[in-house]
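What follows is the content of entry.cif (mmCIF, C-alpha atoms and all ligand atoms; chains and numbers go by the auth columns).
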```cif
data_entry
#
loop_
_atom_site.group_PDB
_atom_site.id
_atom_site.type_symbol
_atom_site.label_atom_id
_atom_site.label_comp_id
_atom_site.label_asym_id
_atom_site.label_seq_id
_atom_site.Cartn_x
_atom_site.Cartn_y
_atom_site.Cartn_z
_atom_site.B_iso_or_equiv
_atom_site.auth_seq_id
_atom_site.auth_asym_id
ATOM 1 C CA MET A 1 -51.522 35.882 37.875 0.00 1 J
ATOM 2 C CA LYS A 2 -49.176 33.977 35.573 0.00 2 J
ATOM 3 C CA THR A 3 -49.054 30.286 36.446 0.00 3 J
ATOM 4 C CA SER A 4 -46.199 28.121 35.301 0.00 4 J
ATOM 5 C CA GLY A 5 -47.132 24.543 36.001 0.00 5 J
ATOM 6 C CA GLY A 6 -45.417 22.688 38.816 0.00 6 J
ATOM 7 C CA SER A 7 -47.301 21.297 41.770 0.00 7 J
ATOM 8 C CA ALA A 8 -49.308 23.857 43.708 0.00 8 J
ATOM 9 C CA ALA A 9 -48.450 22.038 46.950 0.00 9 J
ATOM 10 C CA ALA A 10 -44.717 22.139 46.154 0.00 10 J
ATOM 11 C CA LYS A 11 -44.866 25.865 45.421 0.00 11 J
ATOM 12 C CA ARG A 12 -46.806 26.544 48.587 0.00 12 J
ATOM 13 C CA ARG A 13 -44.327 24.587 50.721 0.00 13 J
ATOM 14 C CA ALA A 14 -41.372 26.421 49.190 0.00 14 J
ATOM 15 C CA GLY A 15 -42.969 29.829 49.695 0.00 15 J
ATOM 16 C CA GLU A 16 -44.080 29.157 53.230 0.00 16 J
ATOM 17 C CA SER A 17 -40.690 27.737 54.185 0.00 17 J
ATOM 18 C CA THR A 18 -38.928 30.989 53.356 0.00 18 J
ATOM 19 C CA ALA A 19 -41.527 33.075 55.144 0.00 19 J
ATOM 20 C CA ASP A 20 -40.441 31.300 58.330 0.00 20 J
ATOM 21 C CA ALA A 21 -36.980 32.858 57.845 0.00 21 J
ATOM 22 C CA VAL A 22 -38.280 36.416 58.155 0.00 22 J
ATOM 23 C CA GLU A 23 -37.395 38.067 61.472 0.00 23 J
ATOM 24 C CA ASP A 24 -38.887 40.922 63.428 0.00 24 J
ATOM 25 C CA GLY A 25 -37.719 44.344 62.282 0.00 25 J
ATOM 26 C CA GLN A 26 -36.516 43.241 58.862 0.00 26 J
ATOM 27 C CA VAL A 27 -36.950 44.888 55.468 0.00 27 J
ATOM 28 C CA VAL A 28 -37.975 42.104 53.064 0.00 28 J
ATOM 29 C CA GLY A 29 -37.849 42.076 49.278 0.00 29 J
ATOM 30 C CA LEU A 30 -41.083 40.597 47.934 0.00 30 J
ATOM 31 C CA GLY A 31 -40.532 38.653 44.732 0.00 31 J
ATOM 32 C CA THR A 32 -42.919 38.051 41.861 0.00 32 J
ATOM 33 C CA GLY A 33 -44.692 34.955 40.553 0.00 33 J
ATOM 34 C CA SER A 34 -46.962 32.198 41.783 0.00 34 J
ATOM 35 C CA THR A 35 -44.387 30.679 44.175 0.00 35 J
ATOM 36 C CA ALA A 36 -43.268 33.969 45.728 0.00 36 J
ATOM 37 C CA ALA A 37 -46.974 34.769 46.176 0.00 37 J
ATOM 38 C CA HIS A 38 -47.185 31.971 48.749 0.00 38 J
ATOM 39 C CA ALA A 39 -44.355 33.578 50.700 0.00 39 J
ATOM 40 C CA ILE A 40 -46.083 36.960 50.572 0.00 40 J
ATOM 41 C CA ARG A 41 -49.338 35.507 51.888 0.00 41 J
ATOM 42 C CA ALA A 42 -47.494 33.630 54.655 0.00 42 J
ATOM 43 C CA ILE A 43 -45.631 36.805 55.667 0.00 43 J
ATOM 44 C CA GLY A 44 -49.010 38.561 55.737 0.00 44 J
ATOM 45 C CA ASP A 45 -50.302 35.898 58.137 0.00 45 J
ATOM 46 C CA ALA A 46 -47.253 36.453 60.359 0.00 46 J
ATOM 47 C CA VAL A 47 -47.806 40.220 60.252 0.00 47 J
ATOM 48 C CA ALA A 48 -51.391 39.637 61.405 0.00 48 J
ATOM 49 C CA ASP A 49 -49.890 37.676 64.313 0.00 49 J
ATOM 50 C CA GLY A 50 -47.626 40.590 65.266 0.00 50 J
ATOM 51 C CA LEU A 51 -44.493 40.293 63.081 0.00 51 J
ATOM 52 C CA ASP A 52 -43.027 43.755 62.446 0.00 52 J
ATOM 53 C CA VAL A 53 -41.619 43.876 58.904 0.00 53 J
ATOM 54 C CA ARG A 54 -41.630 46.189 55.922 0.00 54 J
ATOM 55 C CA GLY A 55 -41.834 44.827 52.395 0.00 55 J
ATOM 56 C CA VAL A 56 -40.208 46.139 49.229 0.00 56 J
ATOM 57 C CA PRO A 57 -42.307 45.010 46.236 0.00 57 J
ATOM 58 C CA THR A 58 -40.636 43.942 43.006 0.00 58 J
ATOM 59 C CA SER A 59 -43.638 44.376 40.695 0.00 59 J
ATOM 60 C CA PHE A 60 -47.196 45.598 40.380 0.00 60 J
ATOM 61 C CA GLN A 61 -48.278 42.033 41.205 0.00 61 J
ATOM 62 C CA SER A 62 -46.245 41.662 44.392 0.00 62 J
ATOM 63 C CA ARG A 63 -47.317 45.127 45.533 0.00 63 J
ATOM 64 C CA GLN A 64 -50.994 44.212 45.088 0.00 64 J
ATOM 65 C CA LEU A 65 -50.545 40.907 46.925 0.00 65 J
ATOM 66 C CA ALA A 66 -48.731 42.644 49.780 0.00 66 J
ATOM 67 C CA ILE A 67 -51.484 45.242 50.062 0.00 67 J
ATOM 68 C CA GLU A 68 -54.074 42.449 50.233 0.00 68 J
ATOM 69 C CA ALA A 69 -51.939 40.674 52.862 0.00 69 J
ATOM 70 C CA GLU A 70 -51.636 43.958 54.810 0.00 70 J
ATOM 71 C CA ILE A 71 -47.834 43.970 54.787 0.00 71 J
ATOM 72 C CA PRO A 72 -46.492 47.522 55.362 0.00 72 J
ATOM 73 C CA LEU A 73 -44.654 48.602 52.208 0.00 73 J
ATOM 74 C CA VAL A 74 -41.652 50.812 51.532 0.00 74 J
ATOM 75 C CA GLU A 75 -39.699 51.661 48.417 0.00 75 J
ATOM 76 C CA LEU A 76 -36.000 50.987 48.052 0.00 76 J
ATOM 77 C CA ASP A 77 -35.096 54.669 48.364 0.00 77 J
ATOM 78 C CA GLU A 78 -36.803 54.875 51.780 0.00 78 J
ATOM 79 C CA VAL A 79 -34.670 52.239 53.521 0.00 79 J
ATOM 80 C CA ASP A 80 -30.991 51.803 54.376 0.00 80 J
ATOM 81 C CA GLY A 81 -30.952 48.288 52.976 0.00 81 J
ATOM 82 C CA VAL A 82 -32.862 45.057 52.442 0.00 82 J
ATOM 83 C CA ASP A 83 -32.259 42.271 54.948 0.00 83 J
ATOM 84 C CA LEU A 84 -33.782 39.433 52.994 0.00 84 J
ATOM 85 C CA ALA A 85 -35.387 38.926 49.600 0.00 85 J
ATOM 86 C CA ILE A 86 -37.631 36.007 48.644 0.00 86 J
ATOM 87 C CA ASP A 87 -38.142 35.379 44.951 0.00 87 J
ATOM 88 C CA GLY A 88 -39.102 32.714 42.454 0.00 88 J
ATOM 89 C CA ALA A 89 -37.186 31.558 39.387 0.00 89 J
ATOM 90 C CA ASP A 90 -37.887 29.961 36.022 0.00 90 J
ATOM 91 C CA GLN A 91 -34.781 27.761 36.061 0.00 91 J
ATOM 92 C CA VAL A 92 -32.090 27.027 38.624 0.00 92 J
ATOM 93 C CA ALA A 93 -28.704 25.426 37.949 0.00 93 J
ATOM 94 C CA GLY A 94 -26.533 25.380 41.069 0.00 94 J
ATOM 95 C CA GLY A 95 -26.790 28.969 42.252 0.00 95 J
ATOM 96 C CA GLN A 96 -27.476 30.477 38.824 0.00 96 J
ATOM 97 C CA LEU A 97 -30.970 31.511 37.842 0.00 97 J
ATOM 98 C CA ILE A 98 -33.056 32.446 34.869 0.00 98 J
ATOM 99 C CA LYS A 99 -35.852 34.796 35.873 0.00 99 J
ATOM 100 C CA GLY A 100 -38.312 37.055 34.105 0.00 100 J
ATOM 101 C CA GLY A 101 -41.150 34.673 33.263 0.00 101 J
ATOM 102 C CA GLY A 102 -43.416 37.383 34.638 0.00 102 J
ATOM 103 C CA ALA A 103 -41.417 40.168 32.945 0.00 103 J
ATOM 104 C CA ALA A 104 -40.530 41.581 36.359 0.00 104 J
ATOM 105 C CA HIS A 105 -36.818 40.719 36.342 0.00 105 J
ATOM 106 C CA ALA A 106 -35.506 44.306 36.193 0.00 106 J
ATOM 107 C CA ARG A 107 -37.030 45.343 39.507 0.00 107 J
ATOM 108 C CA GLU A 108 -36.515 41.872 40.920 0.00 108 J
ATOM 109 C CA LYS A 109 -32.799 42.047 40.207 0.00 109 J
ATOM 110 C CA ILE A 110 -32.473 45.480 41.796 0.00 110 J
ATOM 111 C CA VAL A 111 -34.169 44.333 45.007 0.00 111 J
ATOM 112 C CA ASP A 112 -32.621 40.830 45.074 0.00 112 J
ATOM 113 C CA ALA A 113 -29.121 42.223 44.538 0.00 113 J
ATOM 114 C CA ALA A 114 -29.655 44.841 47.257 0.00 114 J
ATOM 115 C CA ALA A 115 -30.620 42.184 49.798 0.00 115 J
ATOM 116 C CA ASP A 116 -28.168 40.763 52.326 0.00 116 J
ATOM 117 C CA ARG A 117 -29.662 37.322 51.568 0.00 117 J
ATOM 118 C CA LEU A 118 -31.685 36.031 48.641 0.00 118 J
ATOM 119 C CA LEU A 119 -33.871 32.975 49.201 0.00 119 J
ATOM 120 C CA VAL A 120 -35.163 31.430 45.970 0.00 120 J
ATOM 121 C CA VAL A 121 -38.414 29.463 45.984 0.00 121 J
ATOM 122 C CA VAL A 122 -39.097 26.830 43.312 0.00 122 J
ATOM 123 C CA ASP A 123 -40.738 23.506 42.635 0.00 123 J
ATOM 124 C CA PRO A 124 -38.518 20.593 41.494 0.00 124 J
ATOM 125 C CA GLY A 125 -39.415 21.138 37.823 0.00 125 J
ATOM 126 C CA LYS A 126 -37.272 24.289 37.825 0.00 126 J
ATOM 127 C CA LEU A 127 -34.032 22.457 38.629 0.00 127 J
ATOM 128 C CA ALA A 128 -31.519 21.758 35.850 0.00 128 J
ATOM 129 C CA ASP A 129 -27.882 20.763 35.499 0.00 129 J
ATOM 130 C CA ARG A 130 -27.273 23.677 33.120 0.00 130 J
ATOM 131 C CA LEU A 131 -29.318 26.748 32.286 0.00 131 J
ATOM 132 C CA ASP A 132 -30.947 26.253 28.893 0.00 132 J
ATOM 133 C CA ARG A 133 -34.224 28.125 28.945 0.00 133 J
ATOM 134 C CA SER A 134 -34.731 31.307 26.944 0.00 134 J
ATOM 135 C CA VAL A 135 -33.371 34.401 28.659 0.00 135 J
ATOM 136 C CA PRO A 136 -35.843 37.288 29.042 0.00 136 J
ATOM 137 C CA VAL A 137 -34.264 40.576 27.993 0.00 137 J
ATOM 138 C CA GLU A 138 -36.135 43.803 28.838 0.00 138 J
ATOM 139 C CA VAL A 139 -35.520 46.382 26.138 0.00 139 J
ATOM 140 C CA LEU A 140 -36.394 50.017 25.526 0.00 140 J
ATOM 141 C CA PRO A 141 -39.064 49.830 22.779 0.00 141 J
ATOM 142 C CA ALA A 142 -37.174 52.118 20.388 0.00 142 J
ATOM 143 C CA ALA A 143 -34.052 49.975 20.724 0.00 143 J
ATOM 144 C CA ARG A 144 -35.734 46.658 19.881 0.00 144 J
ATOM 145 C CA PRO A 145 -34.390 46.243 16.310 0.00 145 J
ATOM 146 C CA VAL A 146 -30.789 47.066 17.194 0.00 146 J
ATOM 147 C CA VAL A 147 -30.897 44.910 20.307 0.00 147 J
ATOM 148 C CA GLU A 148 -32.329 42.004 18.268 0.00 148 J
ATOM 149 C CA ASP A 149 -29.388 42.325 15.848 0.00 149 J
ATOM 150 C CA ARG A 150 -26.892 42.428 18.713 0.00 150 J
ATOM 151 C CA LEU A 151 -28.468 39.398 20.415 0.00 151 J
ATOM 152 C CA ALA A 152 -28.173 37.484 17.145 0.00 152 J
ATOM 153 C CA THR A 153 -24.451 38.293 16.958 0.00 153 J
ATOM 154 C CA LEU A 154 -24.144 36.870 20.485 0.00 154 J
ATOM 155 C CA GLY A 155 -25.634 33.602 19.191 0.00 155 J
ATOM 156 C CA GLY A 156 -29.167 34.216 20.436 0.00 156 J
ATOM 157 C CA GLU A 157 -32.547 33.879 18.755 0.00 157 J
ATOM 158 C CA PRO A 158 -34.781 36.605 20.147 0.00 158 J
ATOM 159 C CA THR A 159 -38.581 36.557 20.041 0.00 159 J
ATOM 160 C CA LEU A 160 -40.704 39.520 21.060 0.00 160 J
ATOM 161 C CA ARG A 161 -42.920 38.394 23.935 0.00 161 J
ATOM 162 C CA SER A 162 -46.619 38.779 23.287 0.00 162 J
ATOM 163 C CA ALA A 163 -49.524 38.354 25.670 0.00 163 J
ATOM 164 C CA GLU A 164 -52.272 35.783 25.268 0.00 164 J
ATOM 165 C CA ARG A 165 -55.074 38.251 25.753 0.00 165 J
ATOM 166 C CA LYS A 166 -53.646 41.457 24.321 0.00 166 J
ATOM 167 C CA ASP A 167 -52.879 42.582 20.809 0.00 167 J
ATOM 168 C CA GLY A 168 -49.225 43.592 20.595 0.00 168 J
ATOM 169 C CA PRO A 169 -46.310 42.893 22.897 0.00 169 J
ATOM 170 C CA VAL A 170 -46.137 42.437 26.637 0.00 170 J
ATOM 171 C CA VAL A 171 -45.264 45.797 28.193 0.00 171 J
ATOM 172 C CA THR A 172 -43.358 45.638 31.486 0.00 172 J
ATOM 173 C CA ASP A 173 -44.104 47.607 34.665 0.00 173 J
ATOM 174 C CA ASN A 174 -41.383 49.963 33.378 0.00 174 J
ATOM 175 C CA GLY A 175 -43.019 50.544 29.979 0.00 175 J
ATOM 176 C CA ASN A 176 -40.568 48.387 28.023 0.00 176 J
ATOM 177 C CA VAL A 177 -40.842 45.238 25.879 0.00 177 J
ATOM 178 C CA VAL A 178 -39.305 41.797 26.441 0.00 178 J
ATOM 179 C CA LEU A 179 -37.274 39.694 24.020 0.00 179 J
ATOM 180 C CA ASP A 180 -37.135 36.019 25.004 0.00 180 J
ATOM 181 C CA CYS A 181 -33.772 34.949 23.701 0.00 181 J
ATOM 182 C CA GLU A 182 -32.780 31.330 23.039 0.00 182 J
ATOM 183 C CA PHE A 183 -29.080 30.612 23.534 0.00 183 J
ATOM 184 C CA GLY A 184 -29.302 26.829 23.934 0.00 184 J
ATOM 185 C CA ALA A 185 -27.330 25.475 26.872 0.00 185 J
ATOM 186 C CA ILE A 186 -25.533 28.306 28.630 0.00 186 J
ATOM 187 C CA ASP A 187 -22.049 27.120 29.601 0.00 187 J
ATOM 188 C CA ALA A 188 -20.794 30.410 31.035 0.00 188 J
ATOM 189 C CA PRO A 189 -23.724 32.364 32.536 0.00 189 J
ATOM 190 C CA ALA A 190 -21.484 35.089 33.997 0.00 190 J
ATOM 191 C CA ASP A 191 -19.882 35.812 30.613 0.00 191 J
ATOM 192 C CA LEU A 192 -23.237 35.913 28.811 0.00 192 J
ATOM 193 C CA ALA A 193 -24.692 38.105 31.578 0.00 193 J
ATOM 194 C CA ALA A 194 -21.855 40.604 31.148 0.00 194 J
ATOM 195 C CA GLU A 195 -22.305 40.651 27.370 0.00 195 J
ATOM 196 C CA LEU A 196 -26.049 41.195 27.623 0.00 196 J
ATOM 197 C CA SER A 197 -25.591 43.995 30.156 0.00 197 J
ATOM 198 C CA SER A 198 -23.241 45.780 27.784 0.00 198 J
ATOM 199 C CA VAL A 199 -25.766 46.058 24.936 0.00 199 J
ATOM 200 C CA PRO A 200 -27.146 49.616 24.609 0.00 200 J
ATOM 201 C CA GLY A 201 -30.933 49.550 24.914 0.00 201 J
ATOM 202 C CA VAL A 202 -31.007 46.526 27.215 0.00 202 J
ATOM 203 C CA VAL A 203 -32.621 47.581 30.477 0.00 203 J
ATOM 204 C CA GLU A 204 -32.051 44.255 32.240 0.00 204 J
ATOM 205 C CA HIS A 205 -31.807 40.557 31.475 0.00 205 J
ATOM 206 C CA GLY A 206 -33.000 37.528 33.380 0.00 206 J
ATOM 207 C CA LEU A 207 -29.652 35.890 34.183 0.00 207 J
ATOM 208 C CA PHE A 208 -29.165 36.165 37.947 0.00 208 J
ATOM 209 C CA VAL A 209 -25.553 35.139 38.508 0.00 209 J
ATOM 210 C CA ASN A 210 -24.252 34.344 41.995 0.00 210 J
ATOM 211 C CA LEU A 211 -27.093 36.195 43.731 0.00 211 J
ATOM 212 C CA ALA A 212 -28.888 33.281 45.409 0.00 212 J
ATOM 213 C CA ASP A 213 -27.970 32.335 48.974 0.00 213 J
ATOM 214 C CA GLU A 214 -30.460 29.507 49.422 0.00 214 J
ATOM 215 C CA ILE A 215 -32.685 27.539 47.053 0.00 215 J
ATOM 216 C CA HIS A 216 -35.862 26.277 48.730 0.00 216 J
ATOM 217 C CA VAL A 217 -37.199 23.406 46.639 0.00 217 J
ATOM 218 C CA GLY A 218 -40.758 22.562 47.593 0.00 218 J
ATOM 219 C CA ARG A 219 -41.864 18.957 47.278 0.00 219 J
ATOM 220 C CA GLU A 220 -45.177 17.232 47.865 0.00 220 J
ATOM 221 C CA ASP A 221 -44.050 16.221 51.338 0.00 221 J
ATOM 222 C CA GLY A 222 -41.531 18.846 52.446 0.00 222 J
ATOM 223 C CA VAL A 223 -38.816 21.287 51.423 0.00 223 J
ATOM 224 C CA ASP A 224 -35.155 20.757 50.471 0.00 224 J
ATOM 225 C CA VAL A 225 -32.971 23.741 51.234 0.00 225 J
ATOM 226 C CA ARG A 226 -29.874 23.936 49.030 0.00 226 J
ATOM 227 C CA THR A 227 -26.949 26.266 49.554 0.00 227 J
ATOM 228 C CA PRO A 228 -25.191 26.964 46.235 0.00 228 J
HETATM 229 O O1 LIG B . -39.048 35.824 37.494 0.00 1 T
HETATM 230 C C1 LIG B . -40.227 35.863 37.778 0.00 1 T
HETATM 231 C C2 LIG B . -41.111 36.969 37.396 0.00 1 T
HETATM 232 O O2 LIG B . -40.466 37.858 36.532 0.00 1 T
HETATM 233 C C3 LIG B . -40.826 34.740 38.571 0.00 1 T
HETATM 234 O O3 LIG B . -40.224 34.694 39.817 0.00 1 T
HETATM 235 C C4 LIG B . -40.615 33.465 37.809 0.00 1 T
HETATM 236 O O4 LIG B . -41.238 33.583 36.526 0.00 1 T
HETATM 237 C C5 LIG B . -41.195 32.250 38.539 0.00 1 T
HETATM 238 O O5 LIG B . -42.588 32.332 38.602 0.00 1 T
HETATM 239 P P1 LIG B . -43.474 31.143 39.191 0.00 1 T
HETATM 240 O O6 LIG B . -43.132 31.021 40.647 0.00 1 T
HETATM 241 O O7 LIG B . -44.892 31.578 38.940 0.00 1 T
HETATM 242 O O8 LIG B . -43.123 29.892 38.428 0.00 1 T
#
```
How would this structure read if it were set down as structure tokens?
Amino acid sequence: MKTSGGSAAAKRRAGESTADAVEDGQVVGLGTGSTAAHAIRAIGDAVADGLDVRGVPTSFQSRQLAIEAEIPLVELDEVDGVDLAIDGADQVAGGQLIKGGGAAHAREKIVDAAADRLLVVVDPGKLADRLDRSVPVEVLPAARPVVEDRLATLGGEPTLRSAERKDGPVVTDNGNVVLDCEFGAIDAPADLAAELSSVPGVVEHGLFVNLADEIHVGREDGVDVRTP
């Protein structure tokens, strides 16, 4: 599993705090990453104690964790809706997020946006006044050169993501590649999100604008819950 620094205790507290919000009978979106993994394991513990929920995985990783935790799984096209999604983030500014550190942001955005409520789980190191991390952009492989040109005209500096222990690029669960695109400080996330979405060949980008309902910030000694 990808790890991204931050205190393990803070991540665990954040994940476990959101698992407490899950209610009997709900359909729950299961996010990706090391912090969301704590929520998945905690939901699994609650299922073992009798909680009746169904999980919608957002990635190969979250599906595997949910299987290990014995959470009953469904796909999005098998349910009428998603009551609650719990997901991590790479950076949080107010209610705006950058996601995709695990290259799972396309499915994450589909499930998170479908949910009635999105609870975001992070450690304090993810908080910022303004978004300024690189934005992951999932791209159809054949479109990479034209998308790179388009991102440059939008003021970005794209870099093809490569894996530490693989020759060649990271390939997403959807068979695509990821361009990590530096834009510097992002003053207008909604405008940039709309521009990125309009580029042919872009499958999905990691700007999650106005989707979060609560930010659960784990700390060594507790959890702060912020409402954007
Ligand atoms: O967006 C994601 C995966 O695509 C993750 O939620 C994000 O990278 C945070 O991961 P972690 O909790 O391990 O720091």
Quick one: contact table of segment 25-59 of chain J to segment 112-125 of chain J, 9 Å max, nearest atom pair and distance in Å to one decimal per residue, counting only C-alpha atoms, chain and number order, as a Markdown table?
```
| residue | atom | partner | partner_atom | distance |
| --- | --- | --- | --- | --- |
| J:Val27 | CA | J:Ala115 | CA | 8.9 |
| J:Val28 | CA | J:Ala115 | CA | 8.0 |
| J:Gly29 | CA | J:Asp112 | CA | 6.8 |
| J:Leu30 | CA | J:Asp112 | CA | 8.9 |
| J:Gly31 | CA | J:Asp112 | CA | 8.2 |
| J:Thr35 | CA | J:Val121 | CA | 6.4 |
| J:Ala36 | CA | J:Val121 | CA | 6.6 |
| J:Ala39 | CA | J:Val121 | CA | 8.6 |
| J:Thr58 | CA | J:Asp112 | CA | 8.8 |
```
Please produce a file of the residues just selected, as an mmCIF file, in the frame of the given file, where the atoms kept are C-alpha atoms.
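Here's the written file part-v5.cif:
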```cif
data_model
loop_
_atom_site.group_PDB
_atom_site.id
_atom_site.type_symbol
_atom_site.label_atom_id
_atom_site.label_comp_id
_atom_site.auth_asym_id
_atom_site.auth_seq_id
_atom_site.Cartn_x
_atom_site.Cartn_y
_atom_site.Cartn_z
ATOM 1 C CA VAL J 27 -36.950 44.888 55.468
ATOM 2 C CA VAL J 28 -37.975 42.104 53.064
ATOM 3 C CA GLY J 29 -37.849 42.076 49.278
ATOM 4 C CA LEU J 30 -41.083 40.597 47.934
ATOM 5 C CA GLY J 31 -40.532 38.653 44.732
ATOM 6 C CA THR J 35 -44.387 30.679 44.175
ATOM 7 C CA ALA J 36 -43.268 33.969 45.728
ATOM 8 C CA ALA J 39 -44.355 33.578 50.700
ATOM 9 C CA THR J 58 -40.636 43.942 43.006
#
```
Open item on the list: Taking all atoms listed in the file into account, list the residues no farther than 7 Å from ligand LIG 1 (chain T), as a VMD selection string.
Closed with: chain J and resid 2 to 4 31 to 36 87 to 90 99 to 105 122
TODO: Counting only C-alpha atoms, find the residues whose atoms lie at most 10 Å from (-31.2, 36.2, 24.1) (file coordinates) and write them out as a list in words.
DONE: Arg133, Ser134, Val135, Pro136, Val137, Val147, Glu148, Arg150, Leu151, Ala152, Leu154, Gly155, Gly156, Glu157, Pro158, Thr159, Leu179, Asp180, Cys181, Glu182, Phe183, Gly184, Leu192, Leu196, His205 and Gly206 of chain J
Restricted to C-alpha atoms, what would the selected residues look like written as a PDB file, in the frame of the given file?
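File written: part-v4.pdb
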```pdb
ATOM      1  CA  ARG J 133     -34.224  28.125  28.945  1.00  0.00           C
ATOM      2  CA  SER J 134     -34.731  31.307  26.944  1.00  0.00           C
ATOM      3  CA  VAL J 135     -33.371  34.401  28.659  1.00  0.00           C
ATOM      4  CA  PRO J 136     -35.843  37.288  29.042  1.00  0.00           C
ATOM      5  CA  VAL J 137     -34.264  40.576  27.993  1.00  0.00           C
ATOM      6  CA  VAL J 147     -30.897  44.910  20.307  1.00  0.00           C
ATOM      7  CA  GLU J 148     -32.329  42.004  18.268  1.00  0.00           C
ATOM      8  CA  ARG J 150     -26.892  42.428  18.713  1.00  0.00           C
ATOM      9  CA  LEU J 151     -28.468  39.398  20.415  1.00  0.00           C
ATOM     10  CA  ALA J 152     -28.173  37.484  17.145  1.00  0.00           C
ATOM     11  CA  LEU J 154     -24.144  36.870  20.485  1.00  0.00           C
ATOM     12  CA  GLY J 155     -25.634  33.602  19.191  1.00  0.00           C
ATOM     13  CA  GLY J 156     -29.167  34.216  20.436  1.00  0.00           C
ATOM     14  CA  GLU J 157     -32.547  33.879  18.755  1.00  0.00           C
ATOM     15  CA  PRO J 158     -34.781  36.605  20.147  1.00  0.00           C
ATOM     16  CA  THR J 159     -38.581  36.557  20.041  1.00  0.00           C
ATOM     17  CA  LEU J 179     -37.274  39.694  24.020  1.00  0.00           C
ATOM     18  CA  ASP J 180     -37.135  36.019  25.004  1.00  0.00           C
ATOM     19  CA  CYS J 181     -33.772  34.949  23.701  1.00  0.00           C
ATOM     20  CA  GLU J 182     -32.780  31.330  23.039  1.00  0.00           C
ATOM     21  CA  PHE J 183     -29.080  30.612  23.534  1.00  0.00           C
ATOM     22  CA  GLY J 184     -29.302  26.829  23.934  1.00  0.00           C
ATOM     23  CA  LEU J 192     -23.237  35.913  28.811  1.00  0.00           C
ATOM     24  CA  LEU J 196     -26.049  41.195  27.623  1.00  0.00           C
ATOM     25  CA  HIS J 205     -31.807  40.557  31.475  1.00  0.00           C
ATOM     26  CA  GLY J 206     -33.000  37.528  33.380  1.00  0.00           C
TER      27      GLY J 206
END
```
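Distance check against Gln64 of chain J using only C-alpha atoms: of J:Ala37, J:Thr18, J:Ala9, J:Leu97, the minimum falls on J:Ala37.
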Open item on the list: Please compute the atom CA of Arg12 of chain J-atom CA of Lys166 of chain J distance, one decimal, in Å.
Closed with: 29.3 Å
Task: Residue contacts of segment 19-23 of chain J (7 Å, only C-alpha atoms) excluding same-chain residues fewer than 3 positions away, as a ChimeraX atom specification - done: /J:15-16,26,39,42-43
Task: Pick from J:Arg219, J:Arg226, J:Arg54, J:Arg130 nearest to Pro72 of chain J, counting all atoms listed in the file - done: J:Arg54
TODO: Find the distance between atom CA of Val171 of chain J and atom CA of Asp149 of chain J and write it in Å to one decimal.
DONE: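 Those two atoms sit 20.4 Å apart.
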- [ ] List the neighbours of Glu75 of chain J out to 8 Å using all atoms listed in the file; skip same-chain residues closer than 4 positions along the sequence, and give me the result as an MDAnalysis selection string.
- [x] chainID J and resid 56:57 79
How big is the axis-aligned box, and where does its centre sit, when it encloses all atoms of segment 197-203 of chain J listed in the file and has 3 Å added on every side, reported in Å to one decimal as JSON?
```
{"center_x": -27.9, "center_y": 46.8, "center_z": 27.5, "size_x": 15.4, "size_y": 11.6, "size_z": 11.9}
```
Open item on the list: Taking only C-alpha atoms into account, name the residue in J:Val82, J:Gly218, J:Val223, J:Gly55 that is nearest to Ala8 of chain J.
Closed with: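 Comparing J:Val82, J:Gly218, J:Val223, J:Gly55 against Ala8 of chain J, the winner is J:Gly218.
Atom CA of Val177 of chain J is positioned 5.8 Å from atom CA of Pro141 of chain J.
In terms of minimum interatomic distance to Ala66 of chain J, J:Asp45 ranks closest within J:Glu220, J:Asp52, J:Glu78, J:Asp45, counting all atoms listed in the file.
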How would you write as an mmCIF file with C-alpha atoms, keeping the file's coordinate frame the residues that get within 12 Å of (-19.7, 32.5, 29.5) in the file's frame, counting all atoms listed in the file?
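Produced file result17.cif, reproduced below:
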```cif
data_model
loop_
_atom_site.group_PDB
_atom_site.id
_atom_site.type_symbol
_atom_site.label_atom_id
_atom_site.label_comp_id
_atom_site.auth_asym_id
_atom_site.auth_seq_id
_atom_site.Cartn_x
_atom_site.Cartn_y
_atom_site.Cartn_z
ATOM 1 C CA LEU J 131 -29.318 26.748 32.286
ATOM 2 C CA LEU J 154 -24.144 36.870 20.485
ATOM 3 C CA GLY J 155 -25.634 33.602 19.191
ATOM 4 C CA PHE J 183 -29.080 30.612 23.534
ATOM 5 C CA ALA J 185 -27.330 25.475 26.872
ATOM 6 C CA ILE J 186 -25.533 28.306 28.630
ATOM 7 C CA ASP J 187 -22.049 27.120 29.601
ATOM 8 C CA ALA J 188 -20.794 30.410 31.035
ATOM 9 C CA PRO J 189 -23.724 32.364 32.536
ATOM 10 C CA ALA J 190 -21.484 35.089 33.997
ATOM 11 C CA ASP J 191 -19.882 35.812 30.613
ATOM 12 C CA LEU J 192 -23.237 35.913 28.811
ATOM 13 C CA ALA J 193 -24.692 38.105 31.578
ATOM 14 C CA ALA J 194 -21.855 40.604 31.148
ATOM 15 C CA GLU J 195 -22.305 40.651 27.370
ATOM 16 C CA LEU J 196 -26.049 41.195 27.623
ATOM 17 C CA LEU J 207 -29.652 35.890 34.183
ATOM 18 C CA VAL J 209 -25.553 35.139 38.508
#
```
Task: Using all atoms listed in the file: which of J:Ser59, J:Ser198, J:Ser17, J:Gln96 has the shortest distance to Gly222 of chain J - done: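 So, comparing all the options, the nearest one is J:Ser17.
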Task: Residue nearest Phe208 of chain J among J:Gly81, J:Pro145, J:Gly95, J:Gly168 (counting all atoms listed in the file) - done: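 Residue with the minimum atom-to-atom distance to Phe208 of chain J: J:Gly95.
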Open item on the list: Quick one: residues within 12 Å of Gly50 of chain J, only C-alpha atoms, excluding same-chain residues fewer than 3 positions away - as a list in words?
Closed with: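 Listed by chain and then number, they are Glu23, Asp24, Gly25, Ile43, Gly44, Asp45, Ala46, Val47, Val53, Glu70 and Ile71 of chain J.
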